[in-house]
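> Below are the structure tokens for one structure; questions will follow.
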Amino acid sequence: MLIKVAGELFNERAFDAVTTEMIGARAGVTGPALYRHFPSKQALLIAVLEDPLNELLVHARETAAEVTDPRKALEEMIDYHVKRSLQNVPSTLVFLKNEHNVPEDERHRMRRMMRLYAEEWSGLVSRLRPDLSDAQTRILTHAVFSMINAVPQFNSGLDPDIVATTIRTAAINALLIPADAV
């Protein structure tokens with residue numbers, strides 16, 4: 001609960017503008033209670049960033065290893081990423097807004113996790129779209145990440161299932177339909 005609440009606040013405001021009292025109030029605990037779970041506000045920020053990244057990476061690796069059909073594997077990874085983005089503020093948005101508050105070694109480690117995650121997707125897209133260069137595959141993959149991660153910032157008022165289906169379809173089309181086929 002603290003991680004989710006802190007993620008929302010770190011996304012709404014910069015790290016320095018968020019107090020432990022604000023986090024505690026939104027989570028329904030006292031500000032100092034945060035220190036029973038995390039040694040510092042910065043440690044909480046690292047957890048906000050690291051936990052979802054790790055979940056995405058683990059899921060992508062497992063999916064790529066277990067699902068033999070590359071299209072099905074990619075669709076499962078898209079579905080999972082969309083679901084996670086609709087449930088929680090995407091950690092990449094929080095990272096971009098607050099990375100200067102993350103120690104350099106942690107920042108490098110998180111960027112590496114992001115690259116490894118993108119490589120799982122790119123590997124599948126490369127198998128499905130041999131017409132694309134490696135650079136084009138990476139561009140498309142990152143563009144789809146940006147699209148998925150931006151959805152929570154847009155309060156459409158639509159049913160979350162409709163949003164998920166719309167984004168899923170757009171992601172699959174962006175990654176799999178050649179530009180000259182549109």
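If you're wondering about the labels, chains in the structure tokens are A, B, ... by order shown, residues count from 1 in each chain, ligands from 1 in order shown.
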Using only C-alpha atoms, find each residue of range 94-146 of chain A with at least one atom at most 8 Å away from an atom of range 65-87 of chain A; report its shortest atom-to-atom pair and that distance in Å (one decimal), sort the rows by chain and rising residue number, and return the result as JSON lines.


```
{"residue": "A:Trp121", "atom": "CA", "partner": "A:Leu74", "partner_atom": "CA", "distance": 6.8}
{"residue": "A:Leu124", "atom": "CA", "partner": "A:Pro70", "partner_atom": "CA", "distance": 5.6}
{"residue": "A:Val125", "atom": "CA", "partner": "A:Leu74", "partner_atom": "CA", "distance": 7.6}
{"residue": "A:Arg127", "atom": "CA", "partner": "A:Pro70", "partner_atom": "CA", "distance": 7.1}
{"residue": "A:Leu128", "atom": "CA", "partner": "A:Pro70", "partner_atom": "CA", "distance": 7.0}
```

> Give me the residues near Met114 in chain A as number ranges by chain, where near means some atom within 9 Å (using only C-alpha atoms) and where sequence neighbours in that chain fewer than 6 positions away do not count.

A: 53, 57, 92

> With the cut-off set at 12 Å and counting only C-alpha atoms, tabulate each residue of range 8-75 of chain A with an atom at most that distance from an atom of range 145-155 of chain A, showing the nearest atom pair and its distance in Å to one decimal, ordered by chain and increasing number, as a Markdown table.


```
| residue | atom | partner | partner_atom | distance |
| --- | --- | --- | --- | --- |
| A:Glu8 | CA | A:Pro152 | CA | 10.7 |
| A:Asn11 | CA | A:Gln153 | CA | 9.7 |
| A:Glu12 | CA | A:Gln153 | CA | 10.0 |
| A:Leu56 | CA | A:Phe145 | CA | 11.8 |
```

> Extract, using only C-alpha atoms, all DNA, RNA and protein residues at most 9 Å from Phe10 in chain A, discarding same-chain residues fewer than 5 positions from it, and format them as a short mmCIF file (atom, residue, chain, number, x, y, z; two decimals) with N, CA, C and O atoms, in the first residue's frame.


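The new file out_29.cif reads:
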```
data_model
loop_
_atom_site.label_atom_id
_atom_site.label_comp_id
_atom_site.auth_asym_id
_atom_site.auth_seq_id
_atom_site.Cartn_x
_atom_site.Cartn_y
_atom_site.Cartn_z
N VAL A 5 0.82 4.16 -2.97
CA VAL A 5 0.51 5.54 -2.59
C VAL A 5 1.69 6.46 -2.89
O VAL A 5 1.53 7.54 -3.47
N PHE A 15 9.72 14.46 -6.11
CA PHE A 15 10.16 13.77 -4.90
C PHE A 15 10.32 14.74 -3.73
O PHE A 15 9.83 14.48 -2.63
N ASP A 16 10.99 15.87 -3.97
CA ASP A 16 11.26 16.83 -2.90
C ASP A 16 9.99 17.50 -2.37
O ASP A 16 9.98 18.02 -1.26
N ALA A 17 8.92 17.50 -3.16
CA ALA A 17 7.67 18.13 -2.74
C ALA A 17 6.75 17.17 -2.00
O ALA A 17 5.71 17.57 -1.50
N VAL A 18 7.14 15.90 -1.94
CA VAL A 18 6.34 14.89 -1.24
C VAL A 18 6.94 14.67 0.14
O VAL A 18 8.13 14.39 0.27
N LEU A 45 11.26 5.52 -2.59
CA LEU A 45 11.27 5.87 -4.01
C LEU A 45 11.90 4.74 -4.82
O LEU A 45 11.37 4.35 -5.87
N VAL A 48 9.44 2.01 -5.12
CA VAL A 48 8.38 2.41 -6.06
C VAL A 48 8.83 2.14 -7.49
O VAL A 48 8.05 1.70 -8.33
N VAL A 94 7.40 7.71 -13.12
CA VAL A 94 7.93 8.19 -11.85
C VAL A 94 9.45 8.32 -11.95
O VAL A 94 10.03 9.29 -11.45
N LYS A 97 10.51 11.46 -13.87
CA LYS A 97 10.25 12.66 -13.11
C LYS A 97 11.22 12.83 -11.92
O LYS A 97 11.51 13.94 -11.51
N ASN A 98 11.71 11.71 -11.40
CA ASN A 98 12.45 11.75 -10.13
C ASN A 98 13.84 11.11 -10.18
O ASN A 98 14.45 10.92 -9.15
#
```

> Provide the CA of Ala25 in chain A to CA of His37 in chain A distance in Å, to one decimal place.

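Straight-line distance from CA of Ala25 in chain A to CA of His37 in chain A works out to 15.6 Å.
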
> Pick out the residues sitting within 12 Å of Asp180 in chain A, and hand them over as a VMD selection string; count only C-alpha atoms, and ignore anything fewer than 3 positions along from it in its own chain.

chain A and resid 131 176 to 177

> Residues of the last selection are to be written out with N, CA and C atoms, as a compact mmCIF listing (two decimals), in the first residue's frame.


```txt
# COMPACT_ATOMS: atom_id res chain seq x y z
N ASP A 131 11.36 -7.84 -41.40
CA ASP A 131 11.54 -6.72 -42.33
C ASP A 131 12.11 -5.48 -41.64
N LEU A 176 3.15 -5.03 -35.17
CA LEU A 176 3.08 -6.14 -36.12
C LEU A 176 2.63 -5.80 -37.52
N ILE A 177 1.97 -4.67 -37.72
CA ILE A 177 1.49 -4.34 -39.05
C ILE A 177 2.50 -3.42 -39.76
```

> From the set A:Gly24, A:Val89, A:Thr141, A:Glu62, which residue has the shortest atom-to-atom contact distance to Arg115 in chain A, counting only C-alpha atoms?

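The closest residue to Arg115 in chain A is A:Thr141.
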
> Fewer than 4 positions away in the same chain doesn't count, so skip those; otherwise give me all residues within 9 Å of Gln42 in chain A, counting only C-alpha atoms, as number ranges by chain.

A: 15, 38, 46-47, 101-103
